[in-house]
$ cat coords-v5.txt   # compact mmCIF, C-alpha atoms (C1' of nucleotides)
# COMPACT_ATOMS: atom_id res chain seq x y z
CA MET A 601 1.70 5.21 22.72
CA ASN A 602 -0.16 8.06 21.13
CA THR A 603 1.58 11.22 22.29
CA PHE A 604 -1.26 13.68 21.88
CA SER A 605 -4.81 13.75 23.18
CA LEU A 606 -7.61 12.71 20.89
CA THR A 607 -9.41 15.97 21.50
CA ASP A 608 -6.43 18.29 21.19
CA PRO A 609 -7.85 21.43 19.49
CA ALA A 610 -4.46 22.15 17.93
CA LEU A 611 -5.08 19.10 15.78
CA SER A 612 -8.02 20.49 13.86
CA GLU A 613 -5.76 22.00 11.24
CA LYS A 614 -3.20 19.25 11.20
CA VAL A 615 -4.61 17.76 7.99
CA GLU A 616 -2.38 17.46 4.93
CA GLY A 617 0.46 15.27 5.91
CA LEU A 618 0.84 14.81 2.18
CA ASP A 619 3.42 16.31 -0.10
CA GLU A 620 2.22 17.77 -3.34
CA TRP A 621 3.64 14.98 -5.43
CA GLU A 622 1.97 12.46 -3.18
CA SER A 623 -1.40 14.07 -3.72
CA ALA A 624 -0.79 13.90 -7.44
CA VAL A 625 0.10 10.22 -7.28
CA ILE A 626 -2.94 9.49 -5.14
CA ASP A 627 -5.10 11.30 -7.64
CA LEU A 628 -3.54 9.30 -10.44
CA PHE A 629 -4.50 6.05 -8.72
CA LEU A 630 -7.93 7.40 -7.88
CA ASN A 631 -8.56 7.85 -11.58
CA ALA A 632 -6.99 4.54 -12.45
CA ALA A 633 -9.19 2.71 -9.97
CA ASN A 634 -12.20 4.38 -11.47
CA SER A 635 -11.40 3.19 -14.95
CA PHE A 636 -10.84 -0.34 -13.66
CA GLY A 637 -14.29 -0.29 -12.15
CA LEU A 638 -13.07 -0.09 -8.58
CA PRO A 639 -14.23 2.49 -6.03
CA LYS A 640 -12.22 5.67 -5.95
CA SER A 641 -11.31 5.17 -2.33
CA TYR A 642 -9.50 1.96 -3.21
CA GLY A 643 -7.35 3.90 -5.59
CA GLN A 644 -6.64 6.57 -3.02
CA ILE A 645 -5.63 4.05 -0.42
CA TYR A 646 -3.41 2.16 -2.78
CA GLY A 647 -1.90 5.40 -4.03
CA LEU A 648 -1.06 6.54 -0.54
CA LEU A 649 0.60 3.28 0.38
CA PHE A 650 2.41 3.28 -2.94
CA CYS A 651 3.98 6.61 -2.03
CA ARG A 652 5.22 5.56 1.38
CA ASP A 653 8.24 3.58 2.40
CA GLN A 654 6.92 2.53 5.78
CA ALA A 655 3.79 0.55 6.46
CA LEU A 656 0.77 2.62 7.51
CA SER A 657 -1.97 1.73 9.96
CA MET A 658 -5.63 2.08 9.15
CA ASP A 659 -5.83 5.15 11.35
CA GLU A 660 -3.07 6.85 9.43
CA VAL A 661 -4.77 6.03 6.15
CA MET A 662 -8.01 7.52 7.45
CA ASP A 663 -6.31 10.67 8.67
CA LEU A 664 -4.13 11.28 5.64
CA LEU A 665 -6.88 10.66 3.11
CA GLN A 666 -9.73 11.97 5.22
CA ILE A 667 -11.92 9.00 4.60
CA SER A 668 -14.18 7.16 6.99
CA LYS A 669 -13.38 4.12 9.04
CA GLY A 670 -15.71 2.02 6.93
CA SER A 671 -14.07 3.01 3.66
CA ALA A 672 -10.62 2.40 5.02
CA SER A 673 -11.52 -0.99 6.42
CA GLN A 674 -13.33 -2.18 3.32
CA GLY A 675 -10.78 -0.71 0.97
CA LEU A 676 -7.82 -2.28 2.68
CA ARG A 677 -9.55 -5.62 2.83
CA ALA A 678 -10.43 -5.54 -0.86
CA LEU A 679 -6.94 -4.45 -1.84
CA ARG A 680 -5.43 -7.26 0.15
CA GLN A 681 -7.81 -9.68 -1.53
CA LEU A 682 -6.57 -8.37 -4.87
CA GLY A 683 -3.01 -8.84 -3.78
CA ALA A 684 -2.38 -5.11 -4.10
CA VAL A 685 -1.48 -4.57 -0.46
CA SER A 686 -0.12 -6.81 2.22
CA SER A 687 -0.29 -6.38 5.94
CA THR A 688 2.05 -7.01 8.80
CA PHE A 689 1.70 -7.01 12.55
CA SER A 690 4.72 -5.43 14.10
CA PRO A 691 5.44 -7.16 17.41
CA GLY A 692 4.53 -5.16 20.47
CA ASP A 693 1.94 -3.19 18.54
CA ARG A 694 -1.65 -4.16 18.14
CA LYS A 695 -2.12 -2.19 14.96
CA GLU A 696 -2.11 -3.94 11.63
CA ARG A 697 0.08 -2.10 9.15
CA PHE A 698 -0.17 -2.06 5.38
CA VAL A 699 2.20 -1.73 2.46
CA ALA A 700 1.55 -1.59 -1.27
CA GLU A 701 2.61 -4.33 -3.64
CA ILE A 702 4.59 -2.57 -6.35
CA ARG A 703 5.45 -5.43 -8.68
CA LEU A 704 3.27 -4.82 -11.69
CA ARG A 705 3.06 -8.48 -12.51
CA LYS A 706 1.59 -9.27 -9.12
CA LEU A 707 -0.91 -6.47 -9.46
CA VAL A 708 -2.02 -7.56 -12.88
CA SER A 709 -2.27 -11.23 -12.04
CA GLY A 710 -4.18 -10.46 -8.87
CA PHE A 711 -6.58 -8.31 -10.77
CA LEU A 712 -7.09 -10.92 -13.45
CA ARG A 713 -7.53 -13.66 -10.88
CA GLU A 714 -10.19 -11.74 -9.02
CA GLN A 715 -11.97 -10.06 -11.90
CA ALA A 716 -11.40 -11.86 -15.17
CA ASP A 717 -11.21 -15.49 -14.13
CA PRO A 718 -14.59 -15.46 -12.38
CA HIS A 719 -16.19 -14.01 -15.48
CA LEU A 720 -14.73 -16.72 -17.64
CA GLU A 721 -16.15 -19.33 -15.30
CA LYS A 722 -19.58 -17.75 -15.28
CA GLY A 723 -19.26 -17.66 -19.06
CA VAL A 724 -19.09 -21.42 -19.23
CA ALA A 725 -22.31 -21.67 -17.25
CA ARG A 726 -24.00 -19.09 -19.43
CA LEU A 727 -23.01 -20.91 -22.57
CA LYS A 728 -24.45 -24.14 -21.26
CA GLN A 729 -27.65 -22.35 -20.33
CA ILE A 730 -27.99 -20.96 -23.84
CA GLU A 731 -27.29 -24.39 -25.25
CA GLY A 732 -30.22 -25.69 -23.23
CA LEU A 733 -32.54 -22.90 -24.33
CA LEU A 734 -31.79 -23.73 -27.94
CA GLU A 735 -33.70 -27.01 -27.75
CA GLY A 736 -36.79 -25.22 -26.46
CA SER A 737 -38.92 -22.75 -28.34
CA GLY A 738 -38.46 -20.82 -31.55
CA SER A 739 -38.64 -21.64 -35.22
CA LYS A 740 -36.17 -24.00 -36.78
CA ASP A 741 -34.55 -21.00 -38.41
CA SER A 742 -34.07 -19.36 -35.06
CA ARG A 743 -32.57 -22.47 -33.59
CA ILE A 744 -30.02 -22.69 -36.38
CA ARG A 745 -29.14 -19.04 -35.92
CA GLY A 746 -28.88 -19.59 -32.19
CA ALA A 747 -26.53 -22.50 -32.70
CA ARG A 748 -24.29 -20.31 -34.85
CA ARG A 749 -24.18 -17.63 -32.19
CA HIS A 750 -23.41 -20.18 -29.57
CA GLU A 751 -20.43 -21.33 -31.60
CA ILE A 752 -19.17 -17.78 -31.95
CA LEU A 753 -19.44 -17.15 -28.24
CA SER A 754 -17.65 -20.41 -27.50
CA GLY A 755 -14.84 -19.35 -29.77
CA TRP A 756 -14.54 -16.01 -28.03
CA HIS A 757 -14.46 -17.73 -24.70
CA ARG A 758 -11.68 -20.02 -25.85
CA GLN A 759 -9.63 -17.11 -27.15
CA MET A 760 -10.00 -15.08 -24.01
CA SER A 761 -8.98 -18.07 -21.94
CA ARG A 762 -5.84 -18.34 -23.97
CA LEU A 763 -5.10 -14.64 -23.80
CA LEU A 764 -5.02 -14.24 -20.04
CA PRO A 765 -1.99 -16.41 -19.33
CA TRP A 766 -0.06 -14.46 -21.95
CA VAL A 767 -0.93 -11.20 -20.32
CA LYS A 768 0.25 -12.49 -16.99
CA MET A 769 3.50 -13.58 -18.58
CA ILE A 770 4.23 -10.57 -20.69
CA VAL A 771 3.66 -8.02 -17.97
CA GLY A 772 6.56 -7.87 -15.58
CA LYS A 773 8.88 -9.63 -17.92
CA SER A 774 10.18 -6.54 -19.73
CA ASP A 775 9.24 -7.79 -23.15
CA ARG A 776 10.68 -11.24 -23.60
CA LEU A 777 14.29 -10.27 -23.41
CA PRO A 778 15.76 -11.50 -20.17
CA GLN A 779 16.79 -8.49 -18.15
CA LYS A 780 17.62 -8.04 -14.54
CA ASN A 781 14.60 -7.25 -12.43
CA LYS A 782 14.38 -7.44 -8.69
CA ASP A 783 11.20 -9.55 -8.64
CA MET B 22 -43.04 1.67 -46.97
CA ASN B 23 -44.16 0.82 -43.49
CA THR B 24 -47.12 -1.53 -43.90
CA PHE B 25 -48.92 -0.84 -40.64
CA SER B 26 -50.15 2.30 -38.97
CA LEU B 27 -48.18 3.73 -36.11
CA THR B 28 -51.27 3.80 -33.94
CA ASP B 29 -52.55 0.32 -34.73
CA PRO B 30 -54.04 -0.88 -31.42
CA ALA B 31 -53.23 -4.50 -32.26
CA LEU B 32 -49.62 -3.57 -31.81
CA SER B 33 -49.82 -2.78 -28.12
CA GLU B 34 -49.20 -6.38 -27.10
CA LYS B 35 -46.70 -7.13 -29.81
CA VAL B 36 -43.78 -6.91 -27.37
CA GLU B 37 -41.40 -9.85 -27.04
CA GLY B 38 -40.22 -10.50 -30.49
CA LEU B 39 -37.33 -12.26 -28.77
CA ASP B 40 -36.70 -15.95 -28.54
CA GLU B 41 -35.66 -17.34 -25.21
CA TRP B 42 -32.08 -17.91 -26.28
CA GLU B 43 -31.90 -14.37 -27.58
CA SER B 44 -32.95 -13.01 -24.21
CA ALA B 45 -30.25 -15.11 -22.61
CA VAL B 46 -27.61 -13.82 -25.00
CA ILE B 47 -28.75 -10.25 -24.47
CA ASP B 48 -28.54 -10.76 -20.75
CA LEU B 49 -25.05 -12.17 -21.15
CA PHE B 50 -23.92 -9.05 -22.95
CA LEU B 51 -25.71 -6.85 -20.46
CA ASN B 52 -23.57 -8.36 -17.75
CA ALA B 53 -20.44 -8.21 -19.85
CA ALA B 54 -20.97 -4.54 -20.58
CA ASN B 55 -21.36 -3.92 -16.91
CA SER B 56 -18.06 -5.51 -16.06
CA PHE B 57 -16.34 -3.53 -18.79
CA GLY B 58 -17.62 -0.35 -17.26
CA LEU B 59 -20.14 0.33 -20.01
CA PRO B 60 -23.83 1.05 -19.45
CA LYS B 61 -26.09 -1.96 -19.41
CA SER B 62 -28.11 -0.68 -22.31
CA TYR B 63 -25.03 -0.78 -24.53
CA GLY B 64 -24.69 -4.45 -23.74
CA GLN B 65 -28.34 -5.11 -24.46
CA ILE B 66 -28.19 -3.34 -27.78
CA TYR B 67 -25.04 -5.09 -28.85
CA GLY B 68 -26.46 -8.42 -27.68
CA LEU B 69 -29.60 -7.96 -29.72
CA LEU B 70 -27.72 -7.08 -32.88
CA PHE B 71 -25.33 -9.94 -32.24
CA CYS B 72 -28.26 -12.35 -32.30
CA ARG B 73 -29.73 -11.14 -35.55
CA ASP B 74 -28.77 -11.83 -39.11
CA GLN B 75 -30.40 -8.74 -40.60
CA ALA B 76 -29.65 -5.16 -39.74
CA LEU B 77 -32.09 -3.54 -37.32
CA SER B 78 -33.31 0.04 -37.22
CA MET B 79 -33.25 2.15 -34.11
CA ASP B 80 -37.02 1.75 -33.78
CA GLU B 81 -36.74 -1.99 -33.81
CA VAL B 82 -34.04 -1.89 -31.18
CA MET B 83 -36.24 0.32 -29.00
CA ASP B 84 -39.25 -1.95 -29.41
CA LEU B 85 -37.48 -5.25 -28.92
CA LEU B 86 -35.50 -4.13 -25.88
CA GLN B 87 -38.11 -1.74 -24.51
CA ILE B 88 -35.66 1.06 -24.03
CA SER B 89 -36.10 4.74 -24.70
CA LYS B 90 -35.21 6.67 -27.80
CA GLY B 91 -32.40 8.40 -25.95
CA SER B 92 -30.80 5.19 -24.78
CA ALA B 93 -31.04 3.64 -28.19
CA SER B 94 -29.59 6.67 -29.91
CA GLN B 95 -26.72 7.12 -27.48
CA GLY B 96 -26.02 3.42 -27.22
CA LEU B 97 -25.84 2.89 -30.95
CA ARG B 98 -23.63 5.90 -31.40
CA ALA B 99 -21.22 4.77 -28.69
CA LEU B 100 -21.12 1.24 -30.02
CA ARG B 101 -20.33 2.50 -33.46
CA GLN B 102 -17.60 4.67 -32.02
CA LEU B 103 -16.16 1.56 -30.37
CA GLY B 104 -16.32 -0.29 -33.66
CA ALA B 105 -18.77 -2.77 -32.17
CA VAL B 106 -21.58 -2.00 -34.58
CA SER B 107 -21.68 -0.59 -38.06
CA SER B 108 -24.54 1.06 -39.85
CA THR B 109 -25.85 1.02 -43.37
CA PHE B 110 -28.41 3.04 -45.24
CA SER B 111 -30.39 0.77 -47.52
CA PRO B 112 -31.31 2.72 -50.65
CA GLY B 113 -34.95 3.77 -50.82
CA ASP B 114 -35.24 3.72 -47.06
CA ARG B 115 -34.55 6.62 -44.79
CA LYS B 116 -33.84 4.48 -41.76
CA GLU B 117 -30.33 3.80 -40.68
CA ARG B 118 -29.81 0.11 -39.93
CA PHE B 119 -27.28 -1.49 -37.63
CA VAL B 120 -25.38 -4.75 -37.46
CA ALA B 121 -22.98 -6.08 -34.84
CA GLU B 122 -19.30 -6.56 -35.49
CA ILE B 123 -18.60 -10.15 -34.50
CA ARG B 124 -14.86 -10.40 -35.09
CA LEU B 125 -13.39 -10.53 -31.63
CA ARG B 126 -10.19 -8.91 -32.72
CA LYS B 127 -12.04 -5.86 -34.00
CA LEU B 128 -14.02 -5.64 -30.80
CA VAL B 129 -10.95 -5.86 -28.63
CA SER B 130 -8.89 -3.43 -30.63
CA GLY B 131 -11.75 -0.95 -30.75
CA PHE B 132 -12.17 -1.21 -27.04
CA LEU B 133 -8.48 -0.75 -26.39
CA ARG B 134 -8.27 2.14 -28.82
CA GLU B 135 -11.13 3.97 -27.15
CA GLN B 136 -10.49 3.07 -23.54
CA ALA B 137 -6.90 2.03 -22.93
CA ASP B 138 -4.97 4.22 -25.35
CA PRO B 139 -6.42 7.49 -24.00
CA HIS B 140 -5.46 6.46 -20.50
CA LEU B 141 -1.91 5.78 -21.53
CA GLU B 142 -1.71 9.20 -23.09
CA LYS B 143 -3.12 10.88 -20.04
CA GLY B 144 -0.59 8.85 -18.09
CA VAL B 145 2.28 10.57 -19.87
CA ALA B 146 0.87 13.95 -18.90
CA ARG B 147 0.37 12.86 -15.32
CA LEU B 148 3.93 11.61 -15.08
CA LYS B 149 5.27 14.90 -16.34
CA GLN B 150 3.10 16.76 -13.85
CA ILE B 151 4.47 14.67 -11.00
CA GLU B 152 7.97 15.24 -12.26
CA GLY B 153 7.34 18.95 -12.02
CA LEU B 154 5.90 18.73 -8.53
CA LEU B 155 9.03 16.94 -7.39
CA GLU B 156 11.12 20.08 -7.73
CA GLY B 157 8.72 22.01 -5.55
CA SER B 158 8.03 21.47 -1.89
CA GLY B 159 8.89 18.68 0.51
CA SER B 160 11.96 17.54 2.34
CA LYS B 161 14.95 16.22 0.46
CA ASP B 162 13.98 12.75 1.67
CA SER B 163 10.55 13.12 0.23
CA ARG B 164 11.92 14.28 -3.09
CA ILE B 165 14.16 11.24 -3.33
CA ARG B 166 11.27 8.98 -2.49
CA GLY B 167 9.13 10.78 -5.05
CA ALA B 168 11.76 10.31 -7.71
CA ARG B 169 11.80 6.57 -7.00
CA ARG B 170 8.06 6.36 -7.31
CA HIS B 171 8.17 8.29 -10.53
CA GLU B 172 10.60 5.77 -11.94
CA ILE B 173 8.36 2.90 -10.96
CA LEU B 174 5.34 4.50 -12.57
CA SER B 175 7.32 5.20 -15.72
CA GLY B 176 8.31 1.56 -15.85
CA TRP B 177 4.71 0.46 -15.50
CA HIS B 178 3.68 2.81 -18.24
CA ARG B 179 6.31 1.42 -20.53
CA GLN B 180 5.25 -2.14 -19.85
CA MET B 181 1.58 -1.44 -20.42
CA SER B 182 2.41 0.30 -23.67
CA ARG B 183 4.20 -2.80 -24.79
CA LEU B 184 1.45 -5.12 -23.68
CA LEU B 185 -1.41 -3.63 -25.65
CA PRO B 186 -0.08 -4.40 -29.13
CA TRP B 187 0.44 -7.99 -28.06
CA VAL B 188 -3.13 -8.26 -26.88
CA LYS B 189 -4.40 -6.92 -30.16
CA MET B 190 -2.27 -9.46 -32.00
CA ILE B 191 -2.98 -12.49 -29.91
CA VAL B 192 -6.73 -12.12 -29.86
CA GLY B 193 -8.28 -13.22 -33.11
CA LYS B 194 -5.19 -15.03 -34.22
CA SER B 195 -6.02 -18.41 -32.67
CA ASP B 196 -2.84 -18.65 -30.68
CA ARG B 197 0.13 -17.97 -32.90
CA LEU B 198 -0.30 -20.88 -35.24
CA PRO B 199 -1.34 -19.62 -38.63
CA GLN B 200 -4.82 -20.81 -39.33
CA LYS B 201 -7.45 -19.81 -41.82
CA ASN B 202 -9.70 -17.08 -40.58
CA LYS B 203 -12.10 -15.02 -42.66
CA ASP B 204 -10.95 -11.66 -41.30
C1' DC C 310 -13.05 -8.31 35.01
C1' DA C 311 -13.87 -3.51 33.43
C1' DG C 312 -11.83 -0.52 30.32
C1' DT C 313 -9.14 0.19 25.94
C1' DT C 314 -7.81 -0.33 21.55
C1' DT C 315 -8.49 -2.21 16.93
C1' DG C 316 -11.13 -3.51 13.27
C1' DT C 317 -15.79 -5.11 11.04
C1' DT C 318 -20.58 -4.61 9.62
C1' DC C 319 -24.44 -2.66 7.67
C1' DA C 320 -28.34 0.55 7.18
C1' DA C 321 -28.95 5.03 5.80
C1' DA C 322 -27.13 9.23 3.36
C1' DA C 323 -24.52 11.01 -0.42
C1' DA C 324 -22.69 10.82 -4.85
C1' DA C 325 -22.20 9.07 -9.35
C1' DT C 326 -24.27 7.03 -13.23
C1' DC C 327 -27.82 5.72 -16.42
C1' DT C 328 -32.33 6.28 -18.50
C1' DT C 329 -36.12 8.74 -20.04
C1' DG C 330 -38.87 11.69 -22.94
C1' DA C 331 -39.97 16.10 -24.66
C1' DA C 332 -38.04 19.66 -27.41
C1' DC C 333 -35.28 20.28 -31.27
C1' DA C 334 -32.80 19.93 -35.84
C1' DA C 335 -32.35 18.03 -40.52
C1' DG C 336 -33.92 16.12 -44.47
C1' DC C 337 -37.34 14.20 -47.51
C1' DA C 338 -41.99 14.08 -49.85
C1' DT C 339 -46.01 16.11 -51.36
C1' DA D 745 -43.39 25.74 -48.02
C1' DT D 746 -45.88 22.27 -44.86
C1' DG D 747 -46.10 18.10 -42.83
C1' DC D 748 -43.90 13.66 -41.90
C1' DT D 749 -40.11 10.72 -40.66
C1' DT D 750 -35.67 9.96 -38.47
C1' DG D 751 -32.36 10.85 -35.20
C1' DT D 752 -29.95 13.96 -31.47
C1' DT D 753 -29.65 16.47 -27.16
C1' DC D 754 -29.98 17.29 -22.49
C1' DA D 755 -32.25 18.36 -18.05
C1' DA D 756 -34.83 15.92 -14.81
C1' DG D 757 -35.87 11.55 -12.73
C1' DA D 758 -34.59 6.76 -11.53
C1' DT D 759 -31.28 3.62 -10.30
C1' DT D 760 -27.00 1.96 -8.75
C1' DT D 761 -22.88 2.41 -6.31
C1' DT D 762 -20.06 4.33 -2.75
C1' DT D 763 -19.31 6.42 1.61
C1' DT D 764 -20.30 7.28 6.21
C1' DG D 765 -20.60 6.50 11.13
C1' DA D 766 -22.65 4.33 14.94
C1' DA D 767 -23.23 -0.16 16.90
C1' DC D 768 -20.86 -4.32 17.47
C1' DA D 769 -17.28 -8.03 18.19
C1' DA D 770 -12.67 -9.47 19.45
C1' DA D 771 -8.59 -9.23 21.66
C1' DC D 772 -5.48 -7.21 24.66
C1' DT D 773 -4.22 -4.54 29.34
C1' DG D 774 -3.87 -3.43 33.84

$ encode --input "coords-v5.txt" --output "structure tokens"
Amino acid sequence: MNTFSLTDPALSEKVEGLDEWESAVIDLFLNAANSFGLPKSYGQIYGLLFCRDQALSMDEVMDLLQISKGSASQGLRALRQLGAVSSTFSPGDRKERFVAEIRLRKLVSGFLREQADPHLEKGVARLKQIEGLLEGSGSKDSRIRGARRHEILSGWHRQMSRLLPWVKMIVGKSDRLPQKNKD
Amino acid sequence: MNTFSLTDPALSEKVEGLDEWESAVIDLFLNAANSFGLPKSYGQIYGLLFCRDQALSMDEVMDLLQISKGSASQGLRALRQLGAVSSTFSPGDRKERFVAEIRLRKLVSGFLREQADPHLEKGVARLKQIEGLLEGSGSKDSRIRGARRHEILSGWHRQMSRLLPWVKMIVGKSDRLPQKNKD
DNA sequence: CAGTTTGTTCAAAAAATCTTGAACAAGCAT
DNA sequence: ATGCTTGTTCAAGATTTTTTGAACAAACTG
């Protein structure tokens, strides 16, 4: 299936199957991933797939981005978990192939589902823990102050919980004016 | 003004001026800071100030959290920059004292202003750069594909730009029903 | 079944990030 | 001015996170 030998010396300079604009897009996503708290390699992988029309195999991702097997494997898995890439098995080929999800709404809601929602849930637990600690030690003054803070945090939690669904709705809906989109 | 000597040996065990619930709240913010991509110490500092009614000096922050001068100084400066803490100079005292901003809307809008807005601006530059690169090298096919991707990215940028104002509005407004708030 | 191909895992190396503390600057008080 | 207090800076050290690649498992192939 592979038409050239794995040890072909002519291959050593075959790097850079990327157009300039593709490198720029990949770099853009690298930076974006960084500021979302995701590893740079995730951004690179997503960026590469975003640029391409056809699905790429893990090998191709490794070659084009010059990253290790481990990074490619872990990155693709995490991106699929986030809903940012999906994979297909073309029949008659054992390779799994990957494409980027390009609907912003899907990306955002996947990100929120995986990152924000868990934090909100842990928040509930934390608030209960603090509530418990309030009975314990400390002066009466401190306990009153603690109760106030607990209320504030509960309010924040409530507001954030209400915000997230709005975000999911607003993004991908082109404001609120109905407008053709191919979603 | 300071009633005890700086070298008072009785002070060496005076650590832990924190109630249990305060430690829990500080830990909560430590984790929150982490997931927002901010250093843990920023979270600790904010958490401590959040717990307290009176403004604290940098020294007090250092002592109570057991962090270094450098961390305290940088953390407080960054938090002020984010609008998460504000400082006052009480007359007759040379120390600067800090309090936490507890209005969620202020916190969110400060965060967005400092973190999201700059990225959107850099995004514009990046898009223009890609646009330029599209003229350059690559097959005609590639250039068409690149132009498509550029459109998609522009659309995303537009949507994110529209989203942020909504977030700033929704948070702190208790849904959209008018309701008394002391902002 | 032995040999391939494909993908995962994880411990160790590399890289990025955060923290520390000593040196420094600025301003007040004596 | 001299000494004290307060706060900043930044290079070096500590810590955390990410990447690598070799060993492994699974599934197909001939």

$ interface_residues --input "coords-v5.txt" --of "chain B" --to "chain A" --cutoff "9 Å" --atoms "all atoms listed in the file" --output "mmCIF file with C-alpha atoms, in the frame of the given file"
data_model
loop_
_atom_site.group_PDB
_atom_site.id
_atom_site.type_symbol
_atom_site.label_atom_id
_atom_site.label_comp_id
_atom_site.auth_asym_id
_atom_site.auth_seq_id
_atom_site.Cartn_x
_atom_site.Cartn_y
_atom_site.Cartn_z
ATOM 1 C CA ASP B 40 -36.700 -15.950 -28.540
ATOM 2 C CA GLU B 41 -35.660 -17.340 -25.210
ATOM 3 C CA TRP B 42 -32.080 -17.910 -26.280
ATOM 4 C CA GLU B 43 -31.900 -14.370 -27.580
ATOM 5 C CA ALA B 45 -30.250 -15.110 -22.610
ATOM 6 C CA VAL B 46 -27.610 -13.820 -25.000
ATOM 7 C CA LEU B 49 -25.050 -12.170 -21.150
ATOM 8 C CA ALA B 53 -20.440 -8.210 -19.850
ATOM 9 C CA SER B 56 -18.060 -5.510 -16.060
ATOM 10 C CA PHE B 57 -16.340 -3.530 -18.790
ATOM 11 C CA GLY B 58 -17.620 -0.350 -17.260
ATOM 12 C CA PHE B 71 -25.330 -9.940 -32.240
ATOM 13 C CA CYS B 72 -28.260 -12.350 -32.300
ATOM 14 C CA ARG B 73 -29.730 -11.140 -35.550
ATOM 15 C CA ASP B 74 -28.770 -11.830 -39.110
ATOM 16 C CA ILE B 123 -18.600 -10.150 -34.500
ATOM 17 C CA LEU B 125 -13.390 -10.530 -31.630
ATOM 18 C CA GLN B 136 -10.490 3.070 -23.540
ATOM 19 C CA HIS B 140 -5.460 6.460 -20.500
ATOM 20 C CA GLY B 144 -0.590 8.850 -18.090
ATOM 21 C CA ARG B 147 0.370 12.860 -15.320
ATOM 22 C CA LEU B 148 3.930 11.610 -15.080
ATOM 23 C CA GLN B 150 3.100 16.760 -13.850
ATOM 24 C CA ILE B 151 4.470 14.670 -11.000
ATOM 25 C CA GLU B 152 7.970 15.240 -12.260
ATOM 26 C CA GLY B 153 7.340 18.950 -12.020
ATOM 27 C CA LEU B 154 5.900 18.730 -8.530
ATOM 28 C CA LEU B 155 9.030 16.940 -7.390
ATOM 29 C CA GLY B 157 8.720 22.010 -5.550
ATOM 30 C CA SER B 158 8.030 21.470 -1.890
ATOM 31 C CA GLY B 159 8.890 18.680 0.510
ATOM 32 C CA SER B 160 11.960 17.540 2.340
ATOM 33 C CA SER B 163 10.550 13.120 0.230
ATOM 34 C CA ARG B 164 11.920 14.280 -3.090
ATOM 35 C CA ARG B 166 11.270 8.980 -2.490
ATOM 36 C CA GLY B 167 9.130 10.780 -5.050
ATOM 37 C CA ARG B 170 8.060 6.360 -7.310
ATOM 38 C CA HIS B 171 8.170 8.290 -10.530
ATOM 39 C CA ILE B 173 8.360 2.900 -10.960
ATOM 40 C CA TRP B 177 4.710 0.460 -15.500
ATOM 41 C CA ARG B 179 6.310 1.420 -20.530
ATOM 42 C CA GLN B 180 5.250 -2.140 -19.850
ATOM 43 C CA MET B 181 1.580 -1.440 -20.420
ATOM 44 C CA ARG B 183 4.200 -2.800 -24.790
ATOM 45 C CA LEU B 184 1.450 -5.120 -23.680
ATOM 46 C CA TRP B 187 0.440 -7.990 -28.060
ATOM 47 C CA VAL B 188 -3.130 -8.260 -26.880
ATOM 48 C CA ILE B 191 -2.980 -12.490 -29.910
ATOM 49 C CA VAL B 192 -6.730 -12.120 -29.860
ATOM 50 C CA GLY B 193 -8.280 -13.220 -33.110
ATOM 51 C CA LYS B 194 -5.190 -15.030 -34.220
ATOM 52 C CA SER B 195 -6.020 -18.410 -32.670
ATOM 53 C CA ASP B 196 -2.840 -18.650 -30.680
#

$ residues_around --input "coords-v5.txt" --residues "segment 640-642 of chain A" --least-positions-apart "6" --cutoff "8 Å" --atoms "all atoms listed in the file" --output "ChimeraX atom specification"
/A:630-631,633-634,667,671-672,675-676,678-679

$ write_last_selection --input "coords-v5.txt" --atoms "C-alpha atoms" --output "mmCIF file, in the frame of the given file"
data_model
loop_
_atom_site.group_PDB
_atom_site.id
_atom_site.type_symbol
_atom_site.label_atom_id
_atom_site.label_comp_id
_atom_site.auth_asym_id
_atom_site.auth_seq_id
_atom_site.Cartn_x
_atom_site.Cartn_y
_atom_site.Cartn_z
ATOM 1 C CA LEU A 630 -7.930 7.400 -7.880
ATOM 2 C CA ASN A 631 -8.560 7.850 -11.580
ATOM 3 C CA ALA A 633 -9.190 2.710 -9.970
ATOM 4 C CA ASN A 634 -12.200 4.380 -11.470
ATOM 5 C CA ILE A 667 -11.920 9.000 4.600
ATOM 6 C CA SER A 671 -14.070 3.010 3.660
ATOM 7 C CA ALA A 672 -10.620 2.400 5.020
ATOM 8 C CA GLY A 675 -10.780 -0.710 0.970
ATOM 9 C CA LEU A 676 -7.820 -2.280 2.680
ATOM 10 C CA ALA A 678 -10.430 -5.540 -0.860
ATOM 11 C CA LEU A 679 -6.940 -4.450 -1.840
#

$ closest_atom_pairs --input "coords-v5.txt" --of "chain B" --to "chain D" --cutoff "12 Å" --atoms "only C-alpha atoms (C1' of nucleotides)" --output "tab-separated table"
residue	atom	partner	partner_atom	distance
B:Met22	CA	D:DT749	C1'	11.4
B:Asn23	CA	D:DT749	C1'	11.1
B:Leu27	CA	D:DT749	C1'	11.6
B:Asn55	CA	D:DT760	C1'	11.5
B:Pro60	CA	D:DT760	C1'	11.2
B:Lys61	CA	D:DT760	C1'	11.4
B:Ser78	CA	D:DT750	C1'	10.3
B:Met79	CA	D:DG751	C1'	8.8
B:Asp80	CA	D:DT750	C1'	9.6
B:Lys90	CA	D:DG751	C1'	9.0
B:Gly91	CA	D:DT752	C1'	8.2
B:Ser92	CA	D:DT752	C1'	11.1
B:Ala93	CA	D:DG751	C1'	10.1
B:Ser94	CA	D:DG751	C1'	7.3
B:Gln95	CA	D:DT752	C1'	8.6
B:Leu97	CA	D:DG751	C1'	11.1
B:Arg98	CA	D:DT752	C1'	10.2
B:Asp114	CA	D:DT750	C1'	10.6
B:Arg115	CA	D:DT750	C1'	7.2
B:Lys116	CA	D:DT750	C1'	6.6
B:Glu117	CA	D:DT750	C1'	8.4
B:Arg118	CA	D:DT750	C1'	11.6
